[in-house]
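Structure data follow from start38.cif (mmCIF, C-alpha atoms; chains and numbers go by the auth columns):
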data_entry
#
loop_
_atom_site.group_PDB
_atom_site.id
_atom_site.type_symbol
_atom_site.label_atom_id
_atom_site.label_comp_id
_atom_site.label_asym_id
_atom_site.label_seq_id
_atom_site.Cartn_x
_atom_site.Cartn_y
_atom_site.Cartn_z
_atom_site.B_iso_or_equiv
_atom_site.auth_seq_id
_atom_site.auth_asym_id
ATOM 1 C CA MET A 1 0.000 0.000 0.000 0.00 1 D
ATOM 2 C CA LYS A 2 0.875 3.660 -0.256 0.00 2 D
ATOM 3 C CA ILE A 3 0.872 4.940 3.319 0.00 3 D
ATOM 4 C CA ILE A 4 1.491 8.327 4.877 0.00 4 D
ATOM 5 C CA LEU A 5 2.963 8.187 8.373 0.00 5 D
ATOM 6 C CA CYS A 6 2.517 11.262 10.544 0.00 6 D
ATOM 7 C CA GLY A 7 4.887 10.410 13.355 0.00 7 D
ATOM 8 C CA TYR A 8 7.409 11.428 15.970 0.00 8 D
ATOM 9 C CA HIS A 9 9.439 9.995 18.871 0.00 9 D
ATOM 10 C CA TRP A 10 10.396 6.323 19.319 0.00 10 D
ATOM 11 C CA ALA A 11 6.947 5.050 18.412 0.00 11 D
ATOM 12 C CA GLY A 12 7.006 6.979 15.137 0.00 12 D
ATOM 13 C CA CYS A 13 10.387 5.462 14.281 0.00 13 D
ATOM 14 C CA LYS A 14 9.162 1.965 15.121 0.00 14 D
ATOM 15 C CA ALA A 15 6.014 2.448 13.032 0.00 15 D
ATOM 16 C CA LEU A 16 8.132 3.404 10.015 0.00 16 D
ATOM 17 C CA GLN A 17 10.363 0.371 10.504 0.00 17 D
ATOM 18 C CA LEU A 18 7.352 -1.948 10.701 0.00 18 D
ATOM 19 C CA LEU A 19 5.707 -0.479 7.600 0.00 19 D
ATOM 20 C CA LEU A 20 8.887 -0.743 5.547 0.00 20 D
ATOM 21 C CA ALA A 21 9.410 -4.342 6.645 0.00 21 D
ATOM 22 C CA GLU A 22 5.943 -5.132 5.252 0.00 22 D
ATOM 23 C CA GLY A 23 6.917 -3.661 1.896 0.00 23 D
ATOM 24 C CA HIS A 24 4.669 -0.590 1.968 0.00 24 D
ATOM 25 C CA THR A 25 5.545 2.661 0.211 0.00 25 D
ATOM 26 C CA VAL A 26 5.760 5.259 2.974 0.00 26 D
ATOM 27 C CA TYR A 27 5.927 9.044 3.024 0.00 27 D
ATOM 28 C CA VAL A 28 6.538 10.711 6.399 0.00 28 D
ATOM 29 C CA TYR A 29 5.457 13.915 8.112 0.00 29 D
ATOM 30 C CA THR A 30 7.362 14.555 11.339 0.00 30 D
ATOM 31 C CA HIS A 31 8.920 17.230 13.560 0.00 31 D
ATOM 32 C CA GLU A 32 12.381 18.485 14.392 0.00 32 D
ATOM 33 C CA THR A 33 13.727 16.815 17.508 0.00 33 D
ATOM 34 C CA CYS A 34 16.487 16.910 20.112 0.00 34 D
ATOM 35 C CA ASN A 35 19.026 14.344 21.266 0.00 35 D
ATOM 36 C CA SER A 36 16.745 13.026 24.031 0.00 36 D
ATOM 37 C CA ILE A 37 14.080 11.883 21.563 0.00 37 D
ATOM 38 C CA ALA A 38 14.395 9.204 18.882 0.00 38 D
ATOM 39 C CA ASP A 39 14.896 11.028 15.578 0.00 39 D
ATOM 40 C CA LEU A 40 12.345 10.060 12.922 0.00 40 D
ATOM 41 C CA GLU A 41 13.731 12.667 10.525 0.00 41 D
ATOM 42 C CA GLY A 42 17.177 11.100 10.876 0.00 42 D
ATOM 43 C CA LEU A 43 15.755 7.630 10.293 0.00 43 D
ATOM 44 C CA CYS A 44 14.051 8.854 7.101 0.00 44 D
ATOM 45 C CA ILE A 45 17.378 10.210 5.856 0.00 45 D
ATOM 46 C CA LYS A 46 19.122 6.945 6.744 0.00 46 D
ATOM 47 C CA LYS A 47 16.453 4.855 4.984 0.00 47 D
ATOM 48 C CA ASN A 48 16.146 7.264 2.039 0.00 48 D
ATOM 49 C CA ILE A 49 12.475 7.898 2.809 0.00 49 D
ATOM 50 C CA GLU A 50 10.909 11.151 1.627 0.00 50 D
ATOM 51 C CA TYR A 51 9.523 13.340 4.395 0.00 51 D
ATOM 52 C CA LYS A 52 8.338 16.820 5.367 0.00 52 D
ATOM 53 C CA LEU A 53 8.648 18.805 8.593 0.00 53 D
ATOM 54 C CA GLU A 54 5.697 21.033 7.757 0.00 54 D
ATOM 55 C CA LYS A 55 2.134 20.217 8.807 0.00 55 D
ATOM 56 C CA ILE A 56 0.328 17.756 6.582 0.00 56 D
ATOM 57 C CA SER A 57 -2.251 19.288 4.243 0.00 57 D
ATOM 58 C CA VAL A 58 -4.049 18.258 1.074 0.00 58 D
ATOM 59 C CA GLU A 59 -1.928 20.777 -0.819 0.00 59 D
ATOM 60 C CA ASN A 60 1.439 19.315 0.228 0.00 60 D
ATOM 61 C CA MET A 61 0.617 15.599 0.192 0.00 61 D
ATOM 62 C CA PRO A 62 2.772 13.790 -2.418 0.00 62 D
ATOM 63 C CA PHE A 63 -0.063 11.390 -3.312 0.00 63 D
ATOM 64 C CA ILE A 64 -3.492 10.276 -2.112 0.00 64 D
ATOM 65 C CA PRO A 65 -2.544 7.377 0.146 0.00 65 D
ATOM 66 C CA ASP A 66 -4.407 4.173 0.844 0.00 66 D
ATOM 67 C CA MET A 67 -4.094 4.977 4.547 0.00 67 D
ATOM 68 C CA ILE A 68 -2.729 7.570 6.976 0.00 68 D
ATOM 69 C CA CYS A 69 -1.206 6.496 10.313 0.00 69 D
ATOM 70 C CA SER A 70 -0.727 9.034 13.102 0.00 70 D
ATOM 71 C CA VAL A 71 1.748 8.004 15.804 0.00 71 D
ATOM 72 C CA TYR A 72 2.661 10.758 18.290 0.00 72 D
ATOM 73 C CA TYR A 73 2.041 13.429 15.631 0.00 73 D
ATOM 74 C CA ARG A 74 1.768 16.833 17.294 0.00 74 D
ATOM 75 C CA PHE A 75 -0.412 18.665 14.768 0.00 75 D
ATOM 76 C CA ILE A 76 -4.197 18.461 14.458 0.00 76 D
ATOM 77 C CA ILE A 77 -5.020 16.796 11.137 0.00 77 D
ATOM 78 C CA SER A 78 -7.560 18.742 9.105 0.00 78 D
ATOM 79 C CA LYS A 79 -10.989 17.653 7.918 0.00 79 D
ATOM 80 C CA GLU A 80 -9.778 17.968 4.320 0.00 80 D
ATOM 81 C CA VAL A 81 -6.966 15.455 4.889 0.00 81 D
ATOM 82 C CA ILE A 82 -9.354 13.060 6.661 0.00 82 D
ATOM 83 C CA GLU A 83 -11.786 13.248 3.757 0.00 83 D
ATOM 84 C CA SER A 84 -9.027 12.782 1.172 0.00 84 D
ATOM 85 C CA VAL A 85 -8.510 9.184 2.367 0.00 85 D
ATOM 86 C CA LYS A 86 -12.237 8.564 2.971 0.00 86 D
ATOM 87 C CA GLY A 87 -11.685 8.157 6.707 0.00 87 D
ATOM 88 C CA ARG A 88 -8.948 5.504 6.391 0.00 88 D
ATOM 89 C CA ILE A 89 -6.872 7.358 8.954 0.00 89 D
ATOM 90 C CA PHE A 90 -6.075 6.337 12.523 0.00 90 D
ATOM 91 C CA ASN A 91 -4.194 7.549 15.564 0.00 91 D
ATOM 92 C CA LEU A 92 -2.412 5.948 18.506 0.00 92 D
ATOM 93 C CA HIS A 93 -3.383 7.556 21.812 0.00 93 D
ATOM 94 C CA PRO A 94 -1.714 6.592 25.145 0.00 94 D
ATOM 95 C CA ALA A 95 -4.896 6.245 27.190 0.00 95 D
ATOM 96 C CA LEU A 96 -7.999 4.099 27.505 0.00 96 D
ATOM 97 C CA LEU A 97 -10.393 6.341 25.608 0.00 97 D
ATOM 98 C CA PRO A 98 -12.718 8.062 26.213 0.00 98 D
ATOM 99 C CA LYS A 99 -10.869 8.808 29.466 0.00 99 D
ATOM 100 C CA TYR A 100 -7.852 11.119 29.209 0.00 100 D
ATOM 101 C CA ARG A 101 -8.406 12.578 25.771 0.00 101 D
ATOM 102 C CA GLY A 102 -6.017 15.357 24.822 0.00 102 D
ATOM 103 C CA CYS A 103 -2.505 15.734 26.227 0.00 103 D
ATOM 104 C CA SER A 104 -0.393 14.409 29.129 0.00 104 D
ATOM 105 C CA SER A 105 -2.737 11.439 29.457 0.00 105 D
ATOM 106 C CA ILE A 106 -0.267 9.161 31.236 0.00 106 D
ATOM 107 C CA ALA A 107 0.808 11.859 33.695 0.00 107 D
ATOM 108 C CA TRP A 108 -2.798 12.691 34.553 0.00 108 D
ATOM 109 C CA ALA A 109 -3.688 9.013 35.009 0.00 109 D
ATOM 110 C CA MET A 110 -0.817 8.660 37.484 0.00 110 D
ATOM 111 C CA ILE A 111 -1.720 11.857 39.354 0.00 111 D
ATOM 112 C CA HIS A 112 -5.329 10.749 39.715 0.00 112 D
ATOM 113 C CA GLY A 113 -4.295 7.413 41.170 0.00 113 D
ATOM 114 C CA GLU A 114 -5.556 5.194 38.362 0.00 114 D
ATOM 115 C CA LYS A 115 -4.631 1.540 38.743 0.00 115 D
ATOM 116 C CA ASP A 116 -4.429 1.041 34.975 0.00 116 D
ATOM 117 C CA CYS A 117 -3.822 3.048 31.835 0.00 117 D
ATOM 118 C CA GLY A 118 -3.133 1.751 28.342 0.00 118 D
ATOM 119 C CA PHE A 119 -3.443 2.733 24.712 0.00 119 D
ATOM 120 C CA THR A 120 -6.116 3.113 22.075 0.00 120 D
ATOM 121 C CA TYR A 121 -5.874 2.940 18.310 0.00 121 D
ATOM 122 C CA HIS A 122 -8.809 4.937 16.984 0.00 122 D
ATOM 123 C CA TYR A 123 -10.063 6.429 13.762 0.00 123 D
ATOM 124 C CA ILE A 124 -9.456 10.150 13.406 0.00 124 D
ATOM 125 C CA ASP A 125 -12.494 12.372 13.044 0.00 125 D
ATOM 126 C CA GLU A 126 -12.976 16.114 13.524 0.00 126 D
ATOM 127 C CA GLY A 127 -13.045 15.840 17.332 0.00 127 D
ATOM 128 C CA CYS A 128 -10.231 15.495 19.860 0.00 128 D
ATOM 129 C CA ASP A 129 -9.572 11.753 20.244 0.00 129 D
ATOM 130 C CA THR A 130 -13.279 11.042 19.673 0.00 130 D
ATOM 131 C CA GLY A 131 -13.134 8.592 16.749 0.00 131 D
ATOM 132 C CA LYS A 132 -14.268 4.974 16.810 0.00 132 D
ATOM 133 C CA ILE A 133 -11.979 2.515 18.603 0.00 133 D
ATOM 134 C CA ILE A 134 -10.079 0.044 16.444 0.00 134 D
ATOM 135 C CA LEU A 135 -8.073 -1.646 19.191 0.00 135 D
ATOM 136 C CA GLN A 136 -7.522 -0.936 22.876 0.00 136 D
ATOM 137 C CA LYS A 137 -5.275 -2.570 25.470 0.00 137 D
ATOM 138 C CA LEU A 138 -4.795 -2.100 29.204 0.00 138 D
ATOM 139 C CA VAL A 139 -1.413 -1.569 30.909 0.00 139 D
ATOM 140 C CA HIS A 140 -1.179 -1.821 34.705 0.00 140 D
ATOM 141 C CA ILE A 141 0.359 1.141 36.545 0.00 141 D
ATOM 142 C CA GLU A 142 2.953 -0.014 39.083 0.00 142 D
ATOM 143 C CA ASP A 143 3.327 1.985 42.301 0.00 143 D
ATOM 144 C CA PHE A 144 6.993 2.527 41.427 0.00 144 D
ATOM 145 C CA ASP A 145 6.410 3.718 37.859 0.00 145 D
ATOM 146 C CA THR A 146 7.545 7.146 36.787 0.00 146 D
ATOM 147 C CA GLN A 147 5.995 8.879 33.794 0.00 147 D
ATOM 148 C CA LEU A 148 9.073 7.888 31.795 0.00 148 D
ATOM 149 C CA THR A 149 8.888 4.172 32.614 0.00 149 D
ATOM 150 C CA LEU A 150 5.129 3.988 32.174 0.00 150 D
ATOM 151 C CA TYR A 151 5.129 5.918 28.914 0.00 151 D
ATOM 152 C CA ASN A 152 7.819 3.657 27.489 0.00 152 D
ATOM 153 C CA ARG A 153 5.990 0.519 28.583 0.00 153 D
ATOM 154 C CA VAL A 154 2.768 1.743 26.986 0.00 154 D
ATOM 155 C CA MET A 155 4.485 2.697 23.735 0.00 155 D
ATOM 156 C CA PHE A 156 6.528 -0.507 23.498 0.00 156 D
ATOM 157 C CA GLU A 157 3.387 -2.588 24.038 0.00 157 D
ATOM 158 C CA SER A 158 1.349 -0.530 21.565 0.00 158 D
ATOM 159 C CA MET A 159 3.787 -1.188 18.743 0.00 159 D
ATOM 160 C CA ASN A 160 3.188 -4.932 19.125 0.00 160 D
ATOM 161 C CA TYR A 161 -0.298 -4.279 17.733 0.00 161 D
ATOM 162 C CA PHE A 162 0.491 -1.630 15.113 0.00 162 D
ATOM 163 C CA LEU A 163 0.467 -3.912 12.071 0.00 163 D
ATOM 164 C CA GLU A 164 -2.697 -5.613 13.299 0.00 164 D
ATOM 165 C CA VAL A 165 -4.384 -2.194 13.283 0.00 165 D
ATOM 166 C CA VAL A 166 -3.065 -1.464 9.778 0.00 166 D
ATOM 167 C CA ARG A 167 -4.597 -4.766 8.660 0.00 167 D
ATOM 168 C CA LEU A 168 -7.944 -4.020 10.309 0.00 168 D
ATOM 169 C CA VAL A 169 -8.160 -0.599 8.686 0.00 169 D
ATOM 170 C CA ASP A 170 -7.177 -2.052 5.316 0.00 170 D
ATOM 171 C CA GLU A 171 -9.919 -4.678 5.637 0.00 171 D
ATOM 172 C CA GLY A 172 -12.515 -1.995 6.312 0.00 172 D
ATOM 173 C CA TYR A 173 -13.118 -2.629 10.009 0.00 173 D
ATOM 174 C CA GLU A 174 -15.508 0.106 11.150 0.00 174 D
ATOM 175 C CA GLY A 175 -14.440 0.241 14.790 0.00 175 D
ATOM 176 C CA LYS A 176 -16.558 0.645 17.916 0.00 176 D
ATOM 177 C CA GLU A 177 -18.038 3.780 19.412 0.00 177 D
ATOM 178 C CA GLN A 178 -16.320 5.009 22.555 0.00 178 D
ATOM 179 C CA GLN A 179 -18.257 4.164 25.700 0.00 179 D
ATOM 180 C CA GLY A 180 -18.184 5.781 29.134 0.00 180 D
ATOM 181 C CA GLU A 181 -17.459 9.184 30.631 0.00 181 D
ATOM 182 C CA ALA A 182 -14.970 11.298 28.695 0.00 182 D
ATOM 183 C CA THR A 183 -12.257 13.477 30.223 0.00 183 D
ATOM 184 C CA VAL A 184 -10.107 15.934 28.271 0.00 184 D
ATOM 185 C CA PHE A 185 -6.831 17.617 29.234 0.00 185 D
ATOM 186 C CA LYS A 186 -5.145 20.510 27.447 0.00 186 D
ATOM 187 C CA ARG A 187 -1.518 20.639 26.334 0.00 187 D
ATOM 188 C CA GLY A 188 0.889 21.766 29.027 0.00 188 D
ATOM 189 C CA CYS A 189 2.455 20.506 32.233 0.00 189 D
ATOM 190 C CA PRO A 190 -0.176 19.323 34.742 0.00 190 D
ATOM 191 C CA MET A 191 -0.705 21.997 37.402 0.00 191 D
ATOM 192 C CA ASN A 192 2.385 23.749 36.021 0.00 192 D
ATOM 193 C CA GLY A 193 4.477 21.058 37.731 0.00 193 D
ATOM 194 C CA ILE A 194 3.775 22.489 41.201 0.00 194 D
ATOM 195 C CA ILE A 195 2.838 20.320 44.170 0.00 195 D
ATOM 196 C CA ASP A 196 -0.189 21.839 45.890 0.00 196 D
ATOM 197 C CA GLU A 197 -0.315 21.797 49.690 0.00 197 D
ATOM 198 C CA THR A 198 -3.947 20.671 49.470 0.00 198 D
ATOM 199 C CA MET A 199 -2.894 17.392 47.835 0.00 199 D
ATOM 200 C CA SER A 200 -2.905 14.292 50.002 0.00 200 D
ATOM 201 C CA GLU A 201 0.456 12.706 50.822 0.00 201 D
ATOM 202 C CA GLU A 202 -0.313 9.901 48.367 0.00 202 D
ATOM 203 C CA MET A 203 -1.180 12.321 45.578 0.00 203 D
ATOM 204 C CA GLN A 204 1.981 14.340 46.189 0.00 204 D
ATOM 205 C CA GLU A 205 4.078 11.196 45.806 0.00 205 D
ATOM 206 C CA ARG A 206 2.226 10.220 42.614 0.00 206 D
ATOM 207 C CA PHE A 207 2.726 13.746 41.306 0.00 207 D
ATOM 208 C CA VAL A 208 6.502 13.556 41.818 0.00 208 D
ATOM 209 C CA ARG A 209 6.654 10.294 39.856 0.00 209 D
ATOM 210 C CA ALA A 210 4.304 11.650 37.177 0.00 210 D
ATOM 211 C CA MET A 211 6.623 14.621 36.590 0.00 211 D
ATOM 212 C CA CYS A 212 9.691 12.419 36.123 0.00 212 D
ATOM 213 C CA TYR A 213 10.396 12.541 32.391 0.00 213 D
ATOM 214 C CA PRO A 214 13.924 13.896 31.761 0.00 214 D
ATOM 215 C CA PRO A 215 14.930 16.298 30.311 0.00 215 D
ATOM 216 C CA TYR A 216 11.634 18.023 31.141 0.00 216 D
ATOM 217 C CA PRO A 217 11.519 19.858 34.504 0.00 217 D
ATOM 218 C CA PRO A 218 10.721 17.828 37.632 0.00 218 D
ATOM 219 C CA ALA A 219 8.017 18.624 40.177 0.00 219 D
ATOM 220 C CA PHE A 220 8.365 21.701 42.388 0.00 220 D
ATOM 221 C CA TYR A 221 7.525 21.974 46.075 0.00 221 D
ATOM 222 C CA ASN A 222 7.794 25.417 47.714 0.00 222 D
ATOM 223 C CA ASN A 223 9.921 26.574 44.740 0.00 223 D
ATOM 224 C CA HIS A 224 12.279 23.660 45.345 0.00 224 D
ATOM 225 C CA GLU A 225 12.966 21.046 42.647 0.00 225 D
ATOM 226 C CA VAL A 226 11.854 17.577 43.715 0.00 226 D
ATOM 227 C CA ARG A 227 13.081 14.785 41.462 0.00 227 D
ATOM 228 C CA THR A 228 12.178 11.729 43.561 0.00 228 D
ATOM 229 C CA VAL A 229 9.711 10.776 46.290 0.00 229 D
ATOM 230 C CA ARG A 230 12.664 10.444 48.674 0.00 230 D
ATOM 231 C CA GLU A 231 13.760 14.017 47.907 0.00 231 D
ATOM 232 C CA LEU A 232 10.235 15.224 48.691 0.00 232 D
ATOM 233 C CA GLN A 233 10.248 13.445 52.047 0.00 233 D
ATOM 234 C CA GLU A 234 13.744 14.687 52.932 0.00 234 D
ATOM 235 C CA TYR A 235 12.862 18.269 52.017 0.00 235 D
ATOM 236 C CA LYS A 236 9.714 18.184 54.143 0.00 236 D
ATOM 237 C CA ASN A 237 11.673 16.813 57.112 0.00 237 D
ATOM 238 C CA HIS A 238 14.317 19.531 56.632 0.00 238 D
ATOM 239 C CA VAL A 239 11.862 22.441 56.723 0.00 239 D
ATOM 240 C CA LYS A 240 9.964 21.202 59.804 0.00 240 D
#
Show the structure stored in the file as structure tokens.
Amino acid sequence: MKIILCGYHWAGCKALQLLLAEGHTVYVYTHETCNSIADLEGLCIKKNIEYKLEKISVENMPFIPDMICSVYYRFIISKEVIESVKGRIFNLHPALLPKYRGCSSIAWAMIHGEKDCGFTYHYIDEGCDTGKIILQKLVHIEDFDTQLTLYNRVMFESMNYFLEVVRLVDEGYEGKEQQGEATVFKRGCPMNGIIDETMSEEMQERFVRAMCYPPYPPAFYNNHEVRTVRELQEYKNHVK
């Protein structure tokens, strides 16, 4: 098939590798990156795959693809692009939709004390993570997870199902409507990364772990950087 991959980060790189191994013709839309994030642009150059760093649009698409895959793409994909492939376009979202639509889904799940999170492959429509579910899997949140470890576990597991989702979309699987109460979170660091005194002790500890995603800033407590739960406890004991 002719496939457009809108991707970024490790998962975007892995998606490209999987598509190429299946013999698909792939064109990539991605973003500039830094040395702490797997470089999809660099992988395209290495594999001699054509790509763009600008936002995907009908005007700049090299061809009308059989399918569009969105994996950690950071731009909203327009209605015109969705219609150009007759809805054969899907996204990978690191949450159990309809809960935790939008951004920072794993961090918010940790902060709120969820026992499980996971990932959802869903069709893209005009809403924010509102399309029909193609495939969804649960990942248990350990009480020692940080955002970094949990995010990586979710992404690594999600890529085990990527080609299955490509097959389902290719076969015309319609997907299932999302069920349950929806929650949506905007882009940006949860609570600006600041530990609130009104939080319970348990929530404060979860917050510290949820903010652990180097090189992004850690949690702050009384204008003091707190990188681990132990640091939080030691700082509190020091100021008593």
Where does the PyMOL selection byres ((chain D and resi 109) around 12) land in this file, that is, which residues does it pick, as a PyMOL selection string?
-> chain D and resi 94-97+99-101+103-108+110-118+139-142+145-147+150-151+183-185+190+203+206-207+209-211
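Atom CA of Thr228 of chain D lies 24.9 Å from atom CA of His9 of chain D.
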Given the PyMOL selection byres ((chain D and resi 48) around 12), the residues it picks as a count of residues only | 17
Which neighbours of Lys79 of chain D fall inside 10 Å, counting only C-alpha atoms, when residues of the same chain fewer than 5 positions from it are skipped, and could you give them as number ranges by chain?
-> D: 57-58, 84, 87, 124-127
Can you tell me, as a count of residues only, what residues are no more than 10 Å from Ile134 of chain D when counting only C-alpha atoms, ignoring any on the same chain fewer than 4 positions away?
-> 17
Resolved residues for the PyMOL selection byres ((chain D and resi 33) around 12) as a ChimeraX atom specification = /D:7-10,30-32,34-43,53,74
Would you mind exporting the chosen residues as a PDB file, keeping the file's coordinate frame, restricted to C-alpha atoms?
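Printed below is result-v2.pdb as written:
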ATOM      1  CA  GLY D   7       4.887  10.410  13.355  1.00  0.00           C
ATOM      2  CA  TYR D   8       7.409  11.428  15.970  1.00  0.00           C
ATOM      3  CA  HIS D   9       9.439   9.995  18.871  1.00  0.00           C
ATOM      4  CA  TRP D  10      10.396   6.323  19.319  1.00  0.00           C
ATOM      5  CA  THR D  30       7.362  14.555  11.339  1.00  0.00           C
ATOM      6  CA  HIS D  31       8.920  17.230  13.560  1.00  0.00           C
ATOM      7  CA  GLU D  32      12.381  18.485  14.392  1.00  0.00           C
ATOM      8  CA  CYS D  34      16.487  16.910  20.112  1.00  0.00           C
ATOM      9  CA  ASN D  35      19.026  14.344  21.266  1.00  0.00           C
ATOM     10  CA  SER D  36      16.745  13.026  24.031  1.00  0.00           C
ATOM     11  CA  ILE D  37      14.080  11.883  21.563  1.00  0.00           C
ATOM     12  CA  ALA D  38      14.395   9.204  18.882  1.00  0.00           C
ATOM     13  CA  ASP D  39      14.896  11.028  15.578  1.00  0.00           C
ATOM     14  CA  LEU D  40      12.345  10.060  12.922  1.00  0.00           C
ATOM     15  CA  GLU D  41      13.731  12.667  10.525  1.00  0.00           C
ATOM     16  CA  GLY D  42      17.177  11.100  10.876  1.00  0.00           C
ATOM     17  CA  LEU D  43      15.755   7.630  10.293  1.00  0.00           C
ATOM     18  CA  LEU D  53       8.648  18.805   8.593  1.00  0.00           C
ATOM     19  CA  ARG D  74       1.768  16.833  17.294  1.00  0.00           C
TER      20      ARG D  74
END
Residues at most 9 Å from Met159 of chain D, counting all atoms listed in the file, excluding those fewer than 6 positions away in the same chain, as a list in words?
-> Ala11, Lys14, Ala15 and Leu18 of chain D
As lines of an AutoDock Vina configuration file, please report the centre and edge lengths, rounded to one decimal in Å, of the axis-aligned box that holds all listed atoms of segment 184-193 of chain D with 5 Å of padding on each of the six sides.
center_x = -2.8
center_y = 19.8
center_z = 32.0
size_x = 24.6
size_y = 17.8
size_z = 21.4
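The smallest atom-to-atom distance between His224 of chain D and any of D:Val71, D:Cys212, D:Ser200, D:Gly193, using all atoms listed in the file, is found for D:Gly193.
Note that the spacing between atom CA of Ile89 of chain D and atom CA of Ile68 of chain D amounts to 4.6 Å.
Nearest-residue note for Glu225 of chain D: choosing from D:Leu148, D:Ile3, D:Val81, D:Ile195, the minimum distance belongs to D:Ile195, counting all atoms listed in the file.
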Selection: 8 Å around Met67 of chain D, all atoms listed in the file, excl. self and same-chain fewer than 3 positions, as a PyMOL selection string | chain D and resi 1-4+85+88-89+170
Output the selection as an mmCIF file, in the coordinates of the input - C-alpha atoms for each residue.
data_model
loop_
_atom_site.group_PDB
_atom_site.id
_atom_site.type_symbol
_atom_site.label_atom_id
_atom_site.label_comp_id
_atom_site.auth_asym_id
_atom_site.auth_seq_id
_atom_site.Cartn_x
_atom_site.Cartn_y
_atom_site.Cartn_z
ATOM 1 C CA MET D 1 0.000 0.000 0.000
ATOM 2 C CA LYS D 2 0.875 3.660 -0.256
ATOM 3 C CA ILE D 3 0.872 4.940 3.319
ATOM 4 C CA ILE D 4 1.491 8.327 4.877
ATOM 5 C CA VAL D 85 -8.510 9.184 2.367
ATOM 6 C CA ARG D 88 -8.948 5.504 6.391
ATOM 7 C CA ILE D 89 -6.872 7.358 8.954
ATOM 8 C CA ASP D 170 -7.177 -2.052 5.316
#
Atom CA of Leu5 of chain D and atom CA of Tyr29 of chain D, how far apart in Å?
-> 6.3 Å
